[in-house]
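Presented below is the structure to which this report refers.
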Amino acid sequence: MADTCLGLKSLVHLFQYFWREGSCKSVLTGWLSSASVPGSAVAMVYGMREGESVEECGCLSSHGELGLSWSWGWASAGSSILAEFGTLHLEFVHLSEVSGNPTYKEKVMNIRKFLNKIEKPHGLYPNFLSPVSGNWVQHHVSIGGLGDSFYEYLIKSYLMSAKKDEEAKKMYYDALEAIETNLVQKSPGGLTYIAEWRGGILDHKMGHLACFSGGMIAIGAADGELQKRKHYMDLAAEITHTCHESYARSDTKLGPEAFRFDGGAEATATRLSDRYYILRPEVVESYMYMWRLTHDPKYREWGWEAIQALEKYCRVDAGFSGIRDVYSTTPNYDNMQQSFFLAETLKYLYLLFSDDDLLPLEDWIFNTEAHPLPVVRHSCMQGENKTHQRQKH
């Protein structure tokens with residue numbers, strides 16, 4: 001059996017463990033964010049034992065070209081998932097920056113280089129890859145669950161590098177071109193959406209998780225080819241509008257887990273299993289980015305609609321709860337307040353109504369769980385590392 005990211009016998013889900021609960025004996029992304037606040041970076045450097053390797057820390061495999069993660073049995077015969085092994089780059093690059101240890105960056109660069117050279121169907125990245133053979137296991141492509149954060153980490157890696165990471169930039173725009181060519185669709189009613197792709201057959205469904213893509217395309221628009229920049233902003237606005245429609249067309253004004261564009265449906269859930277809302281952040285995340293980049297007041301108006309709906313239908317005595325049917329005004333609570341509600345949903349709403357100089361986008365990059373990481377400007381980081389070395393001695 002091949003080495004796995006968290007150990008051969010670990011059944012801990014990488015995404016949950018690494019981004020929500022913690023890794024390397026602590027909450028790594030939370031540490032990285034707090035370590036980015038002036039005066040606190042030393043805590044990150046000493047968060048791992050002196051001389052401890054990335055393998056001893058338990059984060060990445062020491063063997064093979066691609067130290068992929070173990071996933072649940074349902075993940076297509078134990079395959080690794082694109083949104084897991086492809087969503088490590090920001091954190092490990094920053095870990096190398098604050099620790100002065102290049103090993104972490106080298107590990108995730110190996111993953112990227114492998115993905116860059118592997119053959120991709122129509123330029124698309126399928127969601128499942130075998131950690132044993134290094135081949136795609138299924139040709140299921142989704143910008144929502146299983147694939148989503150891989151794409152945002154490409155453009156965010158470029159931006160976090162102060163726009164020096166040309167490999168990430170090229171991979172992102174190549175992927176975006178493939179997505180536009182193969183997945184972006186227009187409904188009969190004029191709504192732009194990103195369908196899923198299953199072995200060449202389109203599934204005209206868009207998940208709530210895919211609604212982050214409006215914000216992703218927006219933050220990358222200004223660095224695309226000159227003649228495409230306005231097009232990218234228009235596309236970002238259209239996708240964000242579609243995701244807002246999934247909220248506006250429900251009785252609670254909250255969006256379903258997935259919505260469809262077939263059988264006469266437009267931006268509505270047609271299956272009972274898709275009608276729930278679990279306090280997800282992706283729609284308001286795109287509102288925040290679109291507001292920051294355009295200052296169109298409708299994005300704040302839409303955000304305020306979401307806040308009012310959350311208060312009316314999800315507020316409970318102990319906090320907030322997901323609801324099982326967004327098309328019913330009598331809430332049926334699931335009695336769970338997801339961790340991402342505090343980390344992402346409320347944070348993005350707060351930033352939506354804050355001044356632009358609070359965590360400005362030119363200085364900060366938000367990882368997939370909305371932890372802010374600083375744009376890497378090497379002259380600054382070199383000065384900080386010298387300070388750390390003097391404090392260490």
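Residues are named by chain letter and number: chains run A, B, ... in the order of the structure tokens, numbers start at 1 in each chain, and ligands are numbered from 1 in the order shown.
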Please report, as a PyMOL selection string, each residue of region 105-314 of chain A to which DSSP assigns alpha helix (DSSP H) when run on this structure's backbone. chain A and resi 105-117+148-160+166-182+213-221+229-248+282-294+297-313
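Those residues that approach Ser354 (chain A) to within 12 Å, counting only C-alpha atoms, are Met288, Trp291, Arg292, His295, Arg300, Lys347, Tyr348 and Pro360 of chain A; same-chain residues fewer than 6 positions away are not listed.
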List every residue of region 169-346 of chain A that DSSP, applied to the backbone of this structure, places in strand (DSSP E), and write the result as a ChimeraX atom specification.
/A:184-186,192-194,196-198,201-203,205-207,258-260,315-316,319-320
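Atom pair CA of Phe261 (chain A) / CA of Gly224 (chain A): separated by 29.1 Å.
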**For region 262-270 of chain A: contacts at 10 Å, only C-alpha atoms, fewer than 4 positions along chain excluded, given as a PyMOL selection string** = chain A and resi 187-193+203-207+242-250+255-258+274-276+325-327
How about saving the chosen residues, N, CA, C and O atoms kept, as a compact mmCIF listing (two decimals), in the first residue's frame?
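Output (part15.txt):
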# COMPACT_ATOMS: atom_id res chain seq x y z
N SER A 187 -28.75 29.05 -19.15
CA SER A 187 -30.09 28.45 -19.09
C SER A 187 -31.04 29.15 -20.05
O SER A 187 -30.75 30.27 -20.51
N PRO A 188 -32.18 28.53 -20.36
CA PRO A 188 -33.16 29.20 -21.22
C PRO A 188 -33.59 30.55 -20.67
O PRO A 188 -33.92 31.46 -21.43
N GLY A 189 -33.58 30.68 -19.34
CA GLY A 189 -33.96 31.94 -18.73
C GLY A 189 -32.82 32.94 -18.62
O GLY A 189 -32.99 34.03 -18.04
N GLY A 190 -31.65 32.59 -19.16
CA GLY A 190 -30.55 33.53 -19.20
C GLY A 190 -29.60 33.48 -18.02
O GLY A 190 -28.77 34.38 -17.85
N LEU A 191 -29.67 32.44 -17.20
CA LEU A 191 -28.79 32.32 -16.05
C LEU A 191 -27.53 31.54 -16.43
O LEU A 191 -27.60 30.46 -17.02
N THR A 192 -26.38 32.07 -16.06
CA THR A 192 -25.10 31.41 -16.32
C THR A 192 -24.77 30.50 -15.15
O THR A 192 -24.83 30.91 -13.99
N TYR A 193 -24.40 29.27 -15.45
CA TYR A 193 -24.07 28.31 -14.39
C TYR A 193 -22.94 27.41 -14.85
O TYR A 193 -22.59 27.37 -16.03
N ASP A 203 -24.02 17.16 -16.52
CA ASP A 203 -25.07 17.09 -15.51
C ASP A 203 -25.40 18.54 -15.18
O ASP A 203 -24.57 19.25 -14.60
N HIS A 204 -26.60 18.98 -15.52
CA HIS A 204 -26.94 20.40 -15.41
C HIS A 204 -27.36 20.74 -13.98
O HIS A 204 -28.49 21.16 -13.71
N LYS A 205 -26.40 20.58 -13.11
CA LYS A 205 -26.57 20.84 -11.69
C LYS A 205 -25.43 21.73 -11.23
O LYS A 205 -24.30 21.60 -11.68
N MET A 206 -25.75 22.65 -10.33
CA MET A 206 -24.70 23.47 -9.70
C MET A 206 -24.88 23.40 -8.20
O MET A 206 -25.98 23.63 -7.68
N GLY A 207 -23.84 23.05 -7.50
CA GLY A 207 -23.92 22.94 -6.05
C GLY A 207 -23.65 24.27 -5.38
O GLY A 207 -22.97 25.15 -5.93
N THR A 242 -26.50 34.19 -10.54
CA THR A 242 -27.20 32.91 -10.56
C THR A 242 -27.30 32.33 -9.15
O THR A 242 -28.35 31.82 -8.74
N CYS A 243 -26.21 32.41 -8.40
CA CYS A 243 -26.23 31.87 -7.04
C CYS A 243 -27.18 32.66 -6.15
O CYS A 243 -27.86 32.10 -5.28
N HIS A 244 -27.25 33.97 -6.37
CA HIS A 244 -28.24 34.77 -5.64
C HIS A 244 -29.66 34.33 -6.00
O HIS A 244 -30.55 34.29 -5.14
N GLU A 245 -29.87 34.02 -7.27
CA GLU A 245 -31.20 33.56 -7.68
C GLU A 245 -31.60 32.27 -6.97
O GLU A 245 -32.78 32.06 -6.67
N SER A 246 -30.63 31.41 -6.68
CA SER A 246 -30.97 30.17 -5.95
C SER A 246 -31.48 30.50 -4.55
O SER A 246 -32.27 29.74 -3.98
N TYR A 247 -31.05 31.62 -3.99
CA TYR A 247 -31.57 32.10 -2.71
C TYR A 247 -32.93 32.78 -2.91
O TYR A 247 -33.90 32.51 -2.19
N ALA A 248 -32.99 33.69 -3.88
CA ALA A 248 -34.19 34.49 -4.07
C ALA A 248 -35.40 33.65 -4.44
O ALA A 248 -36.54 34.03 -4.15
N ARG A 249 -35.17 32.49 -5.06
CA ARG A 249 -36.29 31.65 -5.52
C ARG A 249 -36.75 30.64 -4.47
O ARG A 249 -37.63 29.82 -4.75
N SER A 250 -36.16 30.68 -3.29
CA SER A 250 -36.63 29.81 -2.21
C SER A 250 -37.54 30.61 -1.29
O SER A 250 -37.47 31.85 -1.24
N GLY A 255 -30.28 29.50 0.16
CA GLY A 255 -30.08 28.63 -1.00
C GLY A 255 -30.01 27.16 -0.66
O GLY A 255 -29.53 26.77 0.42
N PRO A 256 -30.45 26.29 -1.57
CA PRO A 256 -30.36 24.84 -1.36
C PRO A 256 -28.95 24.33 -1.55
O PRO A 256 -28.08 25.02 -2.08
N GLU A 257 -28.72 23.10 -1.15
CA GLU A 257 -27.41 22.48 -1.30
C GLU A 257 -27.00 22.34 -2.76
O GLU A 257 -25.83 22.44 -3.10
N ALA A 258 -27.96 22.10 -3.63
CA ALA A 258 -27.71 22.02 -5.07
C ALA A 258 -28.97 22.43 -5.79
O ALA A 258 -30.08 22.24 -5.30
N ASP A 274 -31.67 17.62 -1.94
CA ASP A 274 -30.87 18.82 -2.21
C ASP A 274 -31.48 20.08 -1.61
O ASP A 274 -30.94 21.18 -1.81
N ARG A 275 -32.54 19.96 -0.84
CA ARG A 275 -33.27 21.15 -0.41
C ARG A 275 -32.76 21.76 0.89
O ARG A 275 -33.26 22.79 1.34
N TYR A 276 -31.73 21.18 1.49
CA TYR A 276 -31.29 21.65 2.79
C TYR A 276 -30.26 22.78 2.69
O TYR A 276 -29.61 22.98 1.65
N ASP A 325 -35.13 22.19 4.75
CA ASP A 325 -35.89 22.50 3.54
C ASP A 325 -35.99 24.02 3.39
O ASP A 325 -36.73 24.67 4.13
N VAL A 326 -35.27 24.56 2.42
CA VAL A 326 -35.29 26.01 2.23
C VAL A 326 -36.58 26.49 1.58
O VAL A 326 -36.82 27.71 1.53
N TYR A 327 -37.42 25.56 1.14
CA TYR A 327 -38.68 25.93 0.50
C TYR A 327 -39.85 25.88 1.47
O TYR A 327 -40.99 26.05 1.06
In terms of only C-alpha atoms, the residue from A:Ser157, A:Gly134, A:Ala195, A:Glu238 at minimal distance from Phe92 (chain A) is A:Ser157
Task: One-decimal distance in Å that lies between CA of Thr368 (chain A) and CA of Met336 (chain A) - done: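 Separating CA of Met336 (chain A) from CA of Thr368 (chain A) is a distance of 20.8 Å.
We find CA of Gly147 (chain A) and CA of Glu301 (chain A) to be spaced 29.7 Å apart.
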- Message: Just checking: using only C-alpha atoms, which residue out of A:His208, A:Leu124, A:Glu225, A:Met216 ends up closest to Leu183 (chain A)?
- Response: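 The answer is A:Leu124, which sits nearest to Leu183 (chain A).
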Query raised in the report: Using only C-alpha atoms, which residues sit within 7 Å of Leu82 (chain A) once same-chain residues fewer than 3 positions away are excluded, as a count of residues only?
Result: 7
Closest of A:Leu88, A:Ala343, A:Ala370, A:Ile194 to Asn110 (chain A), counting only C-alpha atoms, is A:Leu88
